[in-house]
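Structure file query_13.pdb (PDB, C-alpha atoms) follows.
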```
MODEL        1
ATOM      1  CA  MET T  16     -14.905  -8.109  31.224
ATOM      2  CA  ASP T  17     -15.836  -5.559  33.858
ATOM      3  CA  SER T  18     -17.147  -2.108  33.081
ATOM      4  CA  VAL T  19     -14.591   0.643  32.599
ATOM      5  CA  THR T  20     -16.600   2.891  34.914
ATOM      6  CA  LYS T  21     -14.944   1.384  37.985
ATOM      7  CA  TYR T  22     -11.541   2.714  36.931
ATOM      8  CA  ASP T  23     -10.196   6.147  37.801
ATOM      9  CA  ILE T  24      -9.878   7.817  34.394
ATOM     10  CA  ASN T  25      -8.855  11.471  34.384
ATOM     11  CA  VAL T  26      -9.710  13.147  31.088
ATOM     12  CA  GLY T  27      -8.482  16.426  32.579
ATOM     13  CA  ILE T  28      -4.929  15.277  31.839
ATOM     14  CA  ARG T  29      -3.949  15.796  28.200
ATOM     15  CA  PRO T  30      -0.778  13.957  27.165
ATOM     16  CA  THR T  31       1.139  15.121  24.108
ATOM     17  CA  VAL T  32       0.696  12.620  21.264
ATOM     18  CA  THR T  33       3.091  12.584  18.296
ATOM     19  CA  THR T  34       2.163  10.438  15.303
ATOM     20  CA  PHE T  35       4.315   8.480  12.845
ATOM     21  CA  PHE T  36       2.719   6.946   9.745
ATOM     22  CA  ASP T  37       4.081   3.933   7.856
ATOM     23  CA  GLU T  38       2.499   4.262   4.435
ATOM     24  CA  PRO T  39       3.289   0.747   3.065
ATOM     25  CA  THR T  40       1.316  -0.872   5.919
ATOM     26  CA  ASN T  41      -1.020   2.041   6.735
ATOM     27  CA  THR T  42       0.168   1.756  10.346
ATOM     28  CA  LEU T  43       0.212   4.551  12.891
ATOM     29  CA  SER T  44       2.784   4.553  15.696
ATOM     30  CA  TYR T  45       2.621   6.972  18.602
ATOM     31  CA  VAL T  46       4.892   8.637  21.111
ATOM     32  CA  VAL T  47       2.820   9.580  24.164
ATOM     33  CA  LYS T  48       4.431  12.119  26.506
ATOM     34  CA  ASP T  49       3.479  12.809  30.107
ATOM     35  CA  PRO T  50       2.594  16.544  30.334
ATOM     36  CA  GLY T  51       4.314  16.747  33.724
ATOM     37  CA  SER T  52       7.679  15.208  32.826
ATOM     38  CA  ASN T  53       9.821  13.902  29.959
ATOM     39  CA  ALA T  54       8.511  10.354  30.396
ATOM     40  CA  CYS T  55       6.981   8.806  27.296
ATOM     41  CA  ALA T  56       5.596   5.592  25.862
ATOM     42  CA  ILE T  57       6.006   4.336  22.300
ATOM     43  CA  ILE T  58       3.014   2.443  20.935
ATOM     44  CA  ASP T  59       2.944   0.017  17.965
ATOM     45  CA  SER T  60       6.299   0.648  16.302
ATOM     46  CA  VAL T  61       7.083  -0.687  12.805
ATOM     47  CA  MET T  62      10.016  -2.587  11.340
ATOM     48  CA  ASN T  63      10.172  -2.172   7.563
ATOM     49  CA  LEU T  64      10.239  -5.351   5.471
ATOM     50  CA  ASP T  65      10.723  -5.513   1.714
ATOM     51  CA  TYR T  66       8.922  -8.802   1.198
ATOM     52  CA  PRO T  67      10.177  -9.657  -2.317
ATOM     53  CA  SER T  68      13.846  -9.345  -1.297
ATOM     54  CA  GLY T  69      13.448 -10.413   2.338
ATOM     55  CA  SER T  70      15.374  -7.357   3.507
ATOM     56  CA  ILE T  71      14.556  -5.383   6.642
ATOM     57  CA  SER T  72      15.203  -1.760   7.558
ATOM     58  CA  PHE T  73      14.206   0.672  10.283
ATOM     59  CA  THR T  74      13.299   3.912   8.526
ATOM     60  CA  GLY T  75      10.199   4.503  10.633
ATOM     61  CA  ALA T  76      11.786   3.380  13.892
ATOM     62  CA  ASP T  77      14.737   5.692  13.266
ATOM     63  CA  GLN T  78      12.321   8.604  12.947
ATOM     64  CA  ILE T  79      10.924   7.744  16.365
ATOM     65  CA  PHE T  80      14.431   7.366  17.787
ATOM     66  CA  ALA T  81      15.439  10.761  16.375
ATOM     67  CA  PHE T  82      12.323  12.409  17.814
ATOM     68  CA  VAL T  83      12.912  10.924  21.260
ATOM     69  CA  SER T  84      16.574  11.948  21.214
ATOM     70  CA  GLU T  85      15.973  15.479  19.971
ATOM     71  CA  ASN T  86      13.348  16.086  22.636
ATOM     72  CA  LYS T  87      15.370  14.366  25.394
ATOM     73  CA  LEU T  88      12.473  12.069  26.251
ATOM     74  CA  ASP T  89      12.702   9.211  28.733
ATOM     75  CA  VAL T  90      11.173   6.079  27.198
ATOM     76  CA  VAL T  91       9.430   4.137  29.960
ATOM     77  CA  TRP T  92       7.215   1.834  27.898
ATOM     78  CA  ILE T  93       7.249   0.249  24.446
ATOM     79  CA  LEU T  94       3.666  -0.967  24.147
ATOM     80  CA  GLU T  95       2.100  -3.405  21.694
ATOM     81  CA  THR T  96      -1.683  -3.294  21.411
ATOM     82  CA  HIS T  97      -1.667  -6.884  20.061
ATOM     83  CA  VAL T  98       0.246  -9.359  17.898
ATOM     84  CA  HIS T  99      -0.077  -7.518  14.603
ATOM     85  CA  ALA T 100      -0.729  -9.450  11.403
ATOM     86  CA  ASP T 101       0.093  -6.646   8.978
ATOM     87  CA  HIS T 102       3.448  -5.275  10.076
ATOM     88  CA  LEU T 103       6.534  -6.323  12.008
ATOM     89  CA  SER T 104       7.294  -4.732  15.374
ATOM     90  CA  ALA T 105      10.491  -2.711  15.850
ATOM     91  CA  ALA T 106      10.263  -2.944  19.654
ATOM     92  CA  PRO T 107      13.653  -4.628  20.291
ATOM     93  CA  TYR T 108      15.446  -2.248  17.914
ATOM     94  CA  ILE T 109      13.977   0.759  19.723
ATOM     95  CA  GLN T 110      14.637  -0.716  23.158
ATOM     96  CA  GLN T 111      18.319  -1.206  22.386
ATOM     97  CA  ARG T 112      18.623   2.488  21.551
ATOM     98  CA  VAL T 113      16.375   4.279  24.019
ATOM     99  CA  GLY T 114      15.436   1.724  26.683
ATOM    100  CA  GLY T 115      11.934   1.098  28.000
ATOM    101  CA  GLN T 116      10.025  -2.046  28.883
ATOM    102  CA  ILE T 117       8.277  -3.978  26.107
ATOM    103  CA  ALA T 118       4.726  -4.857  27.167
ATOM    104  CA  ILE T 119       1.653  -6.597  25.770
ATOM    105  CA  GLY T 120      -1.523  -8.161  27.166
ATOM    106  CA  THR T 121      -1.387 -11.329  29.250
ATOM    107  CA  ASN T 122      -3.366 -13.283  26.660
ATOM    108  CA  ILE T 123      -0.303 -13.252  24.427
ATOM    109  CA  SER T 124       0.162 -16.822  25.675
ATOM    110  CA  VAL T 125      -3.110 -17.827  23.968
ATOM    111  CA  VAL T 126      -1.891 -16.320  20.699
ATOM    112  CA  GLN T 127       1.507 -17.980  21.058
ATOM    113  CA  GLN T 128      -0.082 -21.382  21.637
ATOM    114  CA  THR T 129      -2.062 -21.030  18.417
ATOM    115  CA  PHE T 130       0.653 -19.743  16.125
ATOM    116  CA  ALA T 131       3.499 -21.805  17.561
ATOM    117  CA  ASP T 132       1.669 -24.835  16.195
ATOM    118  CA  ILE T 133       0.893 -23.223  12.839
ATOM    119  CA  PHE T 134       4.533 -22.237  12.342
ATOM    120  CA  ASP T 135       5.976 -25.369  13.992
ATOM    121  CA  ALA T 136       8.050 -23.164  16.304
ATOM    122  CA  GLY T 137       9.442 -26.123  18.239
ATOM    123  CA  GLU T 138       9.963 -26.841  21.919
ATOM    124  CA  GLY T 139      12.497 -24.022  22.226
ATOM    125  CA  PHE T 140       9.809 -21.410  21.694
ATOM    126  CA  ALA T 141       8.298 -20.320  25.028
ATOM    127  CA  ARG T 142       4.527 -19.992  24.938
ATOM    128  CA  ASP T 143       4.126 -18.047  28.171
ATOM    129  CA  GLY T 144       4.786 -14.486  26.993
ATOM    130  CA  SER T 145       8.256 -14.447  28.567
ATOM    131  CA  GLN T 146       9.737 -12.802  25.453
ATOM    132  CA  PHE T 147       8.080  -9.590  26.680
ATOM    133  CA  ASP T 148       9.288  -7.623  29.705
ATOM    134  CA  VAL T 149       5.812  -7.017  31.132
ATOM    135  CA  LEU T 150       2.440  -8.712  30.610
ATOM    136  CA  LEU T 151      -0.513  -6.437  31.336
ATOM    137  CA  ALA T 152      -3.871  -7.664  32.578
ATOM    138  CA  ASP T 153      -7.195  -5.880  32.370
ATOM    139  CA  GLY T 154      -7.205  -2.914  34.749
ATOM    140  CA  ASP T 155      -3.460  -2.885  35.337
ATOM    141  CA  PRO T 156      -2.003   0.578  35.959
ATOM    142  CA  ILE T 157       0.680   1.879  33.592
ATOM    143  CA  LYS T 158       2.691   4.552  35.358
ATOM    144  CA  LEU T 159       4.112   7.145  32.958
ATOM    145  CA  GLY T 160       5.996   9.842  34.816
ATOM    146  CA  THR T 161       3.423  11.824  36.793
ATOM    147  CA  MET T 162       0.547  10.335  34.801
ATOM    148  CA  ALA T 163      -1.417   7.223  35.710
ATOM    149  CA  GLY T 164      -2.232   5.090  32.661
ATOM    150  CA  LEU T 165      -4.520   2.090  32.370
ATOM    151  CA  ALA T 166      -4.530  -1.183  30.428
ATOM    152  CA  LEU T 167      -7.888  -2.477  29.198
ATOM    153  CA  HIS T 168      -8.356  -5.934  27.685
ATOM    154  CA  THR T 169     -10.379  -5.501  24.476
ATOM    155  CA  PRO T 170     -10.268  -8.840  22.615
ATOM    156  CA  GLY T 171     -12.196  -9.924  19.546
ATOM    157  CA  HIS T 172      -9.801  -9.028  16.748
ATOM    158  CA  THR T 173      -7.302 -11.255  18.587
ATOM    159  CA  PRO T 174      -7.472 -12.766  22.096
ATOM    160  CA  ALA T 175      -4.669 -10.488  23.356
ATOM    161  CA  CYS T 176      -5.856  -7.090  22.102
ATOM    162  CA  MET T 177      -5.397  -4.220  24.559
ATOM    163  CA  THR T 178      -6.465  -0.588  24.738
ATOM    164  CA  TYR T 179      -4.116   1.773  26.566
ATOM    165  CA  VAL T 180      -5.570   4.866  28.254
ATOM    166  CA  PHE T 181      -3.433   7.849  29.282
ATOM    167  CA  GLY T 182      -5.375  10.862  30.528
ATOM    168  CA  ASP T 183      -7.818  11.868  27.777
ATOM    169  CA  ALA T 184      -6.218   9.618  25.145
ATOM    170  CA  ALA T 185      -7.075   5.984  24.343
ATOM    171  CA  PHE T 186      -4.973   3.883  21.959
ATOM    172  CA  VAL T 187      -7.255   1.166  20.623
ATOM    173  CA  GLY T 188      -5.030  -0.813  18.264
ATOM    174  CA  ASP T 189      -7.064  -2.435  15.479
ATOM    175  CA  THR T 190     -10.299  -2.731  17.481
ATOM    176  CA  LEU T 191     -11.751   0.489  16.058
ATOM    177  CA  PHE T 192     -10.854   2.554  13.013
ATOM    178  CA  MET T 193     -11.896   6.084  12.143
ATOM    179  CA  PRO T 194     -15.709   6.352  11.945
ATOM    180  CA  ASP T 195     -15.692   5.950   8.150
ATOM    181  CA  GLY T 196     -13.374   2.933   8.452
ATOM    182  CA  GLY T 197     -15.497   0.901  10.825
ATOM    183  CA  THR T 198     -14.040  -1.904  12.911
ATOM    184  CA  ALA T 199     -11.439  -4.648  12.926
ATOM    185  CA  ARG T 200     -11.925  -8.007  11.278
ATOM    186  CA  ALA T 201     -12.583 -10.925  13.616
ATOM    187  CA  ASP T 202     -11.774 -13.980  11.483
ATOM    188  CA  PHE T 203      -8.162 -14.600  12.493
ATOM    189  CA  PRO T 204      -7.527 -17.645  14.725
ATOM    190  CA  GLY T 205      -8.870 -16.766  18.170
ATOM    191  CA  GLY T 206     -10.940 -13.854  16.880
ATOM    192  CA  ASP T 207     -14.659 -13.550  17.569
ATOM    193  CA  ALA T 208     -17.144 -10.967  16.299
ATOM    194  CA  GLY T 209     -19.366 -11.096  19.386
ATOM    195  CA  THR T 210     -16.383 -10.595  21.677
ATOM    196  CA  LEU T 211     -15.242  -7.724  19.472
ATOM    197  CA  TYR T 212     -18.639  -6.048  19.833
ATOM    198  CA  GLN T 213     -18.472  -6.296  23.614
ATOM    199  CA  SER T 214     -14.941  -4.873  23.650
ATOM    200  CA  ILE T 215     -16.026  -1.945  21.507
ATOM    201  CA  GLN T 216     -18.856  -1.239  23.925
ATOM    202  CA  ARG T 217     -16.280  -0.999  26.708
ATOM    203  CA  ILE T 218     -14.317   1.555  24.705
ATOM    204  CA  LEU T 219     -17.482   3.492  23.894
ATOM    205  CA  ALA T 220     -18.316   3.559  27.618
ATOM    206  CA  LEU T 221     -15.276   5.769  28.203
ATOM    207  CA  PRO T 222     -15.968   9.507  28.649
ATOM    208  CA  ALA T 223     -17.462  11.030  25.486
ATOM    209  CA  GLU T 224     -14.610  13.554  25.167
ATOM    210  CA  MET T 225     -11.941  10.861  25.309
ATOM    211  CA  ARG T 226      -9.637  11.100  22.305
ATOM    212  CA  ILE T 227      -9.251   7.829  20.368
ATOM    213  CA  PHE T 228      -6.106   7.083  18.375
ATOM    214  CA  VAL T 229      -6.303   4.268  15.827
ATOM    215  CA  CYS T 230      -3.521   1.936  14.701
ATOM    216  CA  HIS T 231      -4.453   1.948  11.012
ATOM    217  CA  ASP T 232      -6.046   4.279   8.520
ATOM    218  CA  TYR T 233      -6.692   2.972   5.012
ATOM    219  CA  LEU T 234      -7.790   6.351   3.605
ATOM    220  CA  PRO T 235     -11.290   5.252   2.507
ATOM    221  CA  ASP T 236     -12.553   6.917  -0.671
ATOM    222  CA  GLY T 237      -9.125   8.484  -1.120
ATOM    223  CA  ARG T 238      -9.428  11.006   1.698
ATOM    224  CA  GLU T 239      -6.417  12.398   3.560
ATOM    225  CA  LEU T 240      -4.858  10.535   6.473
ATOM    226  CA  GLU T 241      -6.818  10.669   9.747
ATOM    227  CA  TYR T 242      -5.932   9.000  13.024
ATOM    228  CA  GLU T 243      -7.612  10.871  15.887
ATOM    229  CA  THR T 244     -11.307  10.662  16.680
ATOM    230  CA  SER T 245     -13.323  10.565  19.920
ATOM    231  CA  VAL T 246     -15.689   8.322  21.841
ATOM    232  CA  ALA T 247     -18.566  10.660  20.963
ATOM    233  CA  ALA T 248     -17.714  10.624  17.248
ATOM    234  CA  GLU T 249     -17.476   6.837  17.170
ATOM    235  CA  GLN T 250     -20.800   6.486  18.991
ATOM    236  CA  GLN T 251     -22.442   8.797  16.484
ATOM    237  CA  ASP T 252     -20.801   7.975  13.173
ATOM    238  CA  ASN T 253     -18.920   4.662  13.110
ATOM    239  CA  ILE T 254     -20.268   2.899  10.032
ATOM    240  CA  HIS T 255     -20.213  -0.544  11.680
ATOM    241  CA  VAL T 256     -21.030   0.048  15.331
ATOM    242  CA  HIS T 257     -22.659   3.441  15.864
ATOM    243  CA  ARG T 258     -25.211   3.911  18.620
ATOM    244  CA  GLY T 259     -28.221   1.661  18.060
ATOM    245  CA  VAL T 260     -26.420  -1.198  16.276
ATOM    246  CA  SER T 261     -27.206  -4.432  18.110
ATOM    247  CA  GLU T 262     -24.704  -7.201  18.771
ATOM    248  CA  GLU T 263     -26.694  -9.535  16.506
ATOM    249  CA  ALA T 264     -26.615  -7.064  13.610
ATOM    250  CA  PHE T 265     -22.931  -6.328  14.149
ATOM    251  CA  VAL T 266     -21.937 -10.012  14.225
ATOM    252  CA  ALA T 267     -23.903 -10.708  11.034
ATOM    253  CA  MET T 268     -22.265  -7.748   9.268
ATOM    254  CA  ARG T 269     -18.775  -8.544  10.552
ATOM    255  CA  CYS T 270     -18.896 -12.232   9.646
ATOM    256  CA  ALA T 271     -20.243 -11.517   6.159
ATOM    257  CA  ARG T 272     -17.659  -8.820   5.553
ATOM    258  CA  ASP T 273     -14.758 -10.900   6.822
ATOM    259  CA  LYS T 274     -15.546 -13.611   4.274
ATOM    260  CA  THR T 275     -14.760 -11.102   1.503
ATOM    261  CA  LEU T 276     -11.361 -10.064   2.883
ATOM    262  CA  GLY T 277      -8.030 -11.483   1.776
ATOM    263  CA  MET T 278      -5.177 -12.091   4.187
ATOM    264  CA  PRO T 279      -2.855  -9.156   4.950
ATOM    265  CA  THR T 280       0.228  -9.180   2.728
ATOM    266  CA  LEU T 281       2.652  -9.511   5.628
ATOM    267  CA  ILE T 282       0.641 -11.846   7.857
ATOM    268  CA  LEU T 283       3.075 -14.787   7.700
ATOM    269  CA  PRO T 284       6.287 -12.908   8.553
ATOM    270  CA  SER T 285       4.493 -10.573  10.961
ATOM    271  CA  LEU T 286       3.041 -13.270  13.178
ATOM    272  CA  GLN T 287       6.321 -15.170  13.439
ATOM    273  CA  VAL T 288       8.198 -12.048  14.529
ATOM    274  CA  ASN T 289       5.539 -10.358  16.639
ATOM    275  CA  MET T 290       4.731 -13.428  18.735
ATOM    276  CA  ARG T 291       8.419 -13.231  19.715
ATOM    277  CA  ALA T 292       8.160  -9.571  20.838
ATOM    278  CA  GLY T 293       9.734  -8.327  17.614
ATOM    279  CA  HIS T 294      12.575 -10.852  17.493
ATOM    280  CA  PHE T 295      13.266 -13.190  14.585
ATOM    281  CA  PRO T 296      13.412 -16.955  15.026
ATOM    282  CA  PRO T 297      16.857 -18.277  16.059
ATOM    283  CA  ALA T 298      19.481 -18.263  13.333
ATOM    284  CA  LEU T 299      20.794 -21.526  11.916
ATOM    285  CA  ALA T 300      24.401 -22.602  12.441
ATOM    286  CA  SER T 301      25.260 -20.703   9.252
ATOM    287  CA  GLY T 302      23.987 -17.484  10.831
ATOM    288  CA  GLN T 303      21.123 -17.230   8.352
ATOM    289  CA  VAL T 304      17.648 -16.433   9.677
ATOM    290  CA  PHE T 305      14.594 -17.968   8.048
ATOM    291  CA  LEU T 306      10.854 -17.372   8.287
ATOM    292  CA  LYS T 307       8.450 -20.181   7.395
ATOM    293  CA  LEU T 308       5.671 -20.186   4.835
ATOM    294  CA  PRO T 309       3.054 -22.672   6.062
ATOM    295  CA  VAL T 310       1.171 -23.577   2.899
ATOM    296  CA  ASN T 311      -2.619 -23.254   3.193
ATOM    297  CA  ALA T 312      -2.446 -22.568   6.934
ATOM    298  CA  PHE T 313      -5.072 -19.843   6.542
ATOM    299  CA  GLY T 314      -7.338 -21.549   4.037
ATOM    300  CA  GLY T 315      -7.155 -23.282   0.689
ATOM    301  CA  GLY T 316      -7.788 -26.878   1.674
ATOM    302  CA  ASP T 317      -5.742 -29.962   2.473
ATOM    303  CA  ILE T 318      -2.526 -30.108   0.434
ATOM    304  CA  ALA T 319      -2.596 -33.861  -0.164
ATOM    305  CA  THR T 320      -6.220 -33.735  -1.316
ATOM    306  CA  LEU T 321      -5.535 -30.830  -3.661
ATOM    307  CA  ILE T 322      -2.547 -32.617  -5.191
ATOM    308  CA  ALA T 323      -4.581 -35.801  -5.648
ATOM    309  CA  GLU T 324      -7.387 -33.844  -7.323
ATOM    310  CA  GLU T 325      -4.854 -32.172  -9.611
ATOM    311  CA  LYS T 326      -3.492 -35.543 -10.714
ATOM    312  CA  THR T 327      -6.937 -36.820 -11.621
ATOM    313  CA  SER T 328      -8.147 -33.708 -13.396
TER     314      SER T 328
ENDMDL
END
```

Mind converting the file's structure to structure tokens?
Amino acid sequence: MDSVTKYDINVGIRPTVTTFFDEPTNTLSYVVKDPGSNACAIIDSVMNLDYPSGSISFTGADQIFAFVSENKLDVVWILETHVHADHLSAAPYIQQRVGGQIAIGTNISVVQQTFADIFDAGEGFARDGSQFDVLLADGDPIKLGTMAGLALHTPGHTPACMTYVFGDAAFVGDTLFMPDGGTARADFPGGDAGTLYQSIQRILALPAEMRIFVCHDYLPDGRELEYETSVAAEQQDNIHVHRGVSEEAFVAMRCARDKTLGMPTLILPSLQVNMRAGHFPPALASGQVFLKLPVNAFGGGDIATLIAEEKTS
């Protein structure tokens, strides 16, 4: 990955950022408005899923839709920072109502290759990112009205993670949290703690005054919700990767910490939907849609061996 210093980043432009918080998944979605026009981008939208009943709703997405409509905004982009493992994307639902192009990083194909096998998606599932309208590579411009945006590839949490920069605002997905929240885990398939460290260094090489907007806030120690920080604050105070923390120390910490973490509650439905750009798998002839539950796909051992051991115990 090249340095961010070669890109033309104008922190003198201050887009308007409106935040929407989904409490059940601790997810933050954003509407980013060009200060010189009504053009906007929607970042990391949420579809609501009641897991026990299998029912979906769009309470959060409807709030975004209402905000866009009331303010007569022109939705140009619906951006995904990565294939989320903790919530389902509402991108298609929003697109049907307000337009915009759904975009993600080009390495979505790597993620699709991995999870298509895990979920036995079949030959009908394209693994080339074609479910998305636009695939963004590192350094690609993202035009938003009069404002020039920028896509940065920041993998490590997943291979396809992106950071989107508009003026003085950077949207980092799960790569960084608020300083007291630390950093993303790196133990999902395709994740890598060393790569994550290098990606974070790219973000921290942005101008010190750059605002950083995180995708999740888990309210550590019971504090109030926070979602906006800065490059300078992360350099100074991030509990995992503040200035002076070496890559070796970070990787050791991250790997040890990840071993203590359970899987996100919605990881299985989220991955199946989000790798399809927010669409569900095709319905059966009956019209019913199903999501798969691959037993022990993320740990727990070989099923046949476990059953055999159970019989002999």

*Which polymer residues have any atom within 9 Å of an atom of region 149-164 of chain T, counting only C-alpha atoms, with same-chain residues fewer than 6 positions away left out, as a ChimeraX atom specification?*
/T:16-17,19,22,24-25,28,30,48-56,91-92,116-123,177,179-182

Residue selection dump (C-alpha atoms) as a PDB file, in the coordinates of the input:
```pdb
ATOM      1  CA  MET T  16     -14.905  -8.109  31.224  1.00  0.00           C
ATOM      2  CA  ASP T  17     -15.836  -5.559  33.858  1.00  0.00           C
ATOM      3  CA  VAL T  19     -14.591   0.643  32.599  1.00  0.00           C
ATOM      4  CA  TYR T  22     -11.541   2.714  36.931  1.00  0.00           C
ATOM      5  CA  ILE T  24      -9.878   7.817  34.394  1.00  0.00           C
ATOM      6  CA  ASN T  25      -8.855  11.471  34.384  1.00  0.00           C
ATOM      7  CA  ILE T  28      -4.929  15.277  31.839  1.00  0.00           C
ATOM      8  CA  PRO T  30      -0.778  13.957  27.165  1.00  0.00           C
ATOM      9  CA  LYS T  48       4.431  12.119  26.506  1.00  0.00           C
ATOM     10  CA  ASP T  49       3.479  12.809  30.107  1.00  0.00           C
ATOM     11  CA  PRO T  50       2.594  16.544  30.334  1.00  0.00           C
ATOM     12  CA  GLY T  51       4.314  16.747  33.724  1.00  0.00           C
ATOM     13  CA  SER T  52       7.679  15.208  32.826  1.00  0.00           C
ATOM     14  CA  ASN T  53       9.821  13.902  29.959  1.00  0.00           C
ATOM     15  CA  ALA T  54       8.511  10.354  30.396  1.00  0.00           C
ATOM     16  CA  CYS T  55       6.981   8.806  27.296  1.00  0.00           C
ATOM     17  CA  ALA T  56       5.596   5.592  25.862  1.00  0.00           C
ATOM     18  CA  VAL T  91       9.430   4.137  29.960  1.00  0.00           C
ATOM     19  CA  TRP T  92       7.215   1.834  27.898  1.00  0.00           C
ATOM     20  CA  GLN T 116      10.025  -2.046  28.883  1.00  0.00           C
ATOM     21  CA  ILE T 117       8.277  -3.978  26.107  1.00  0.00           C
ATOM     22  CA  ALA T 118       4.726  -4.857  27.167  1.00  0.00           C
ATOM     23  CA  ILE T 119       1.653  -6.597  25.770  1.00  0.00           C
ATOM     24  CA  GLY T 120      -1.523  -8.161  27.166  1.00  0.00           C
ATOM     25  CA  THR T 121      -1.387 -11.329  29.250  1.00  0.00           C
ATOM     26  CA  ASN T 122      -3.366 -13.283  26.660  1.00  0.00           C
ATOM     27  CA  ILE T 123      -0.303 -13.252  24.427  1.00  0.00           C
ATOM     28  CA  MET T 177      -5.397  -4.220  24.559  1.00  0.00           C
ATOM     29  CA  TYR T 179      -4.116   1.773  26.566  1.00  0.00           C
ATOM     30  CA  VAL T 180      -5.570   4.866  28.254  1.00  0.00           C
ATOM     31  CA  PHE T 181      -3.433   7.849  29.282  1.00  0.00           C
ATOM     32  CA  GLY T 182      -5.375  10.862  30.528  1.00  0.00           C
TER      33      GLY T 182
END
```

*Compare T:Ile227, T:Ile254, T:Val90, T:Ala220 by their minimum atom-to-atom distance to Thr198 (chain T), counting all atoms listed in the file, and give me the closest one.*
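Between T:Ile227, T:Ile254, T:Val90, T:Ala220, the residue approaching Thr198 (chain T) most closely is T:Ile254.
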
_Residues within 12 Å of region 208-215 of chain T, please, as number ranges by chain. Count only C-alpha atoms; anything in the same chain fewer than 4 positions from it doesn't count._
T: 16-19, 153, 167-178, 187-192, 197-204, 219-221, 227, 246, 249-250, 253, 255-258, 260-273

*Find the spatial neighbours of region 77-82 of chain T, counting all atoms listed in the file, within a cut-off of 12 Å - ignore same-chain residues fewer than 2 positions away - and output them as a PyMOL selection string.*
chain T and resi 33-37+43-48+55-63+72-75+84-90+93+105-106+108-114

May I have the residues within 9 Å of region 277-289 of chain T as a PDB file with C-alpha atoms, keeping the file's coordinate frame, using all atoms listed in the file and disregarding those fewer than 2 positions away in the same chain?
```pdb
ATOM      1  CA  THR T  40       1.316  -0.872   5.919  1.00  0.00           C
ATOM      2  CA  LEU T  64      10.239  -5.351   5.471  1.00  0.00           C
ATOM      3  CA  TYR T  66       8.922  -8.802   1.198  1.00  0.00           C
ATOM      4  CA  HIS T  97      -1.667  -6.884  20.061  1.00  0.00           C
ATOM      5  CA  VAL T  98       0.246  -9.359  17.898  1.00  0.00           C
ATOM      6  CA  HIS T  99      -0.077  -7.518  14.603  1.00  0.00           C
ATOM      7  CA  ALA T 100      -0.729  -9.450  11.403  1.00  0.00           C
ATOM      8  CA  ASP T 101       0.093  -6.646   8.978  1.00  0.00           C
ATOM      9  CA  HIS T 102       3.448  -5.275  10.076  1.00  0.00           C
ATOM     10  CA  LEU T 103       6.534  -6.323  12.008  1.00  0.00           C
ATOM     11  CA  SER T 104       7.294  -4.732  15.374  1.00  0.00           C
ATOM     12  CA  PHE T 130       0.653 -19.743  16.125  1.00  0.00           C
ATOM     13  CA  ALA T 131       3.499 -21.805  17.561  1.00  0.00           C
ATOM     14  CA  PHE T 134       4.533 -22.237  12.342  1.00  0.00           C
ATOM     15  CA  ALA T 136       8.050 -23.164  16.304  1.00  0.00           C
ATOM     16  CA  ASP T 273     -14.758 -10.900   6.822  1.00  0.00           C
ATOM     17  CA  LYS T 274     -15.546 -13.611   4.274  1.00  0.00           C
ATOM     18  CA  THR T 275     -14.760 -11.102   1.503  1.00  0.00           C
ATOM     19  CA  ARG T 291       8.419 -13.231  19.715  1.00  0.00           C
ATOM     20  CA  ALA T 292       8.160  -9.571  20.838  1.00  0.00           C
ATOM     21  CA  GLY T 293       9.734  -8.327  17.614  1.00  0.00           C
ATOM     22  CA  HIS T 294      12.575 -10.852  17.493  1.00  0.00           C
ATOM     23  CA  PHE T 295      13.266 -13.190  14.585  1.00  0.00           C
ATOM     24  CA  PRO T 296      13.412 -16.955  15.026  1.00  0.00           C
ATOM     25  CA  LEU T 306      10.854 -17.372   8.287  1.00  0.00           C
ATOM     26  CA  LYS T 307       8.450 -20.181   7.395  1.00  0.00           C
ATOM     27  CA  LEU T 308       5.671 -20.186   4.835  1.00  0.00           C
ATOM     28  CA  PRO T 309       3.054 -22.672   6.062  1.00  0.00           C
ATOM     29  CA  PHE T 313      -5.072 -19.843   6.542  1.00  0.00           C
TER      30      PHE T 313
END
```

*Point-to-point distance in Å for CA of Ser245 (chain T) and CA of Ala185 (chain T)*: 8.9 Å

_Option closest in space to Thr96 (chain T), from T:Ala166, T:Val310, T:Met193, T:Leu240 [counting only C-alpha atoms]_ =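 Looking at the shortest contact to Thr96 (chain T), the residue is T:Ala166.
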
_Take the PyMOL selection byres ((chain T and resi 233) around 9), run it mentally on this structure, and tell me the resulting residues as a ChimeraX atom specification._
/T:40-42,196,231-232,234-235,237,240

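Going from CA of Glu95 (chain T) over to CA of Thr244 (chain T), you cover 20.1 Å.
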
*Would you please work out which residue, of T:Leu299, T:Leu165, T:Met225, T:Val125, is nearest to Gly205 (chain T) when using only C-alpha atoms?*
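Distance minimum relative to Gly205 (chain T) lands on T:Val125.
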
*How far is it from CA of Ile71 (chain T) to CA of Gln128 (chain T), in Å with one decimal?*
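Computed distance, CA of Ile71 (chain T) to CA of Gln128 (chain T), equals 26.4 Å.
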
*Can you turn the PyMOL selection byres ((chain T and resi 228) around 6) into a concrete residue list for this file, as a list in words?*
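On the file shown, the PyMOL selection byres ((chain T and resi 228) around 6) covers Phe186, Ile227, Val229, Tyr242 and Glu243 of chain T.
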
Those residues with C-alpha atoms, as a compact mmCIF listing (two decimals), keeping the file's coordinate frame please?
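Just written: result.txt:
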```
# COMPACT_ATOMS: atom_id res chain seq x y z
CA PHE T 186 -4.97 3.88 21.96
CA ILE T 227 -9.25 7.83 20.37
CA VAL T 229 -6.30 4.27 15.83
CA TYR T 242 -5.93 9.00 13.02
CA GLU T 243 -7.61 10.87 15.89
```
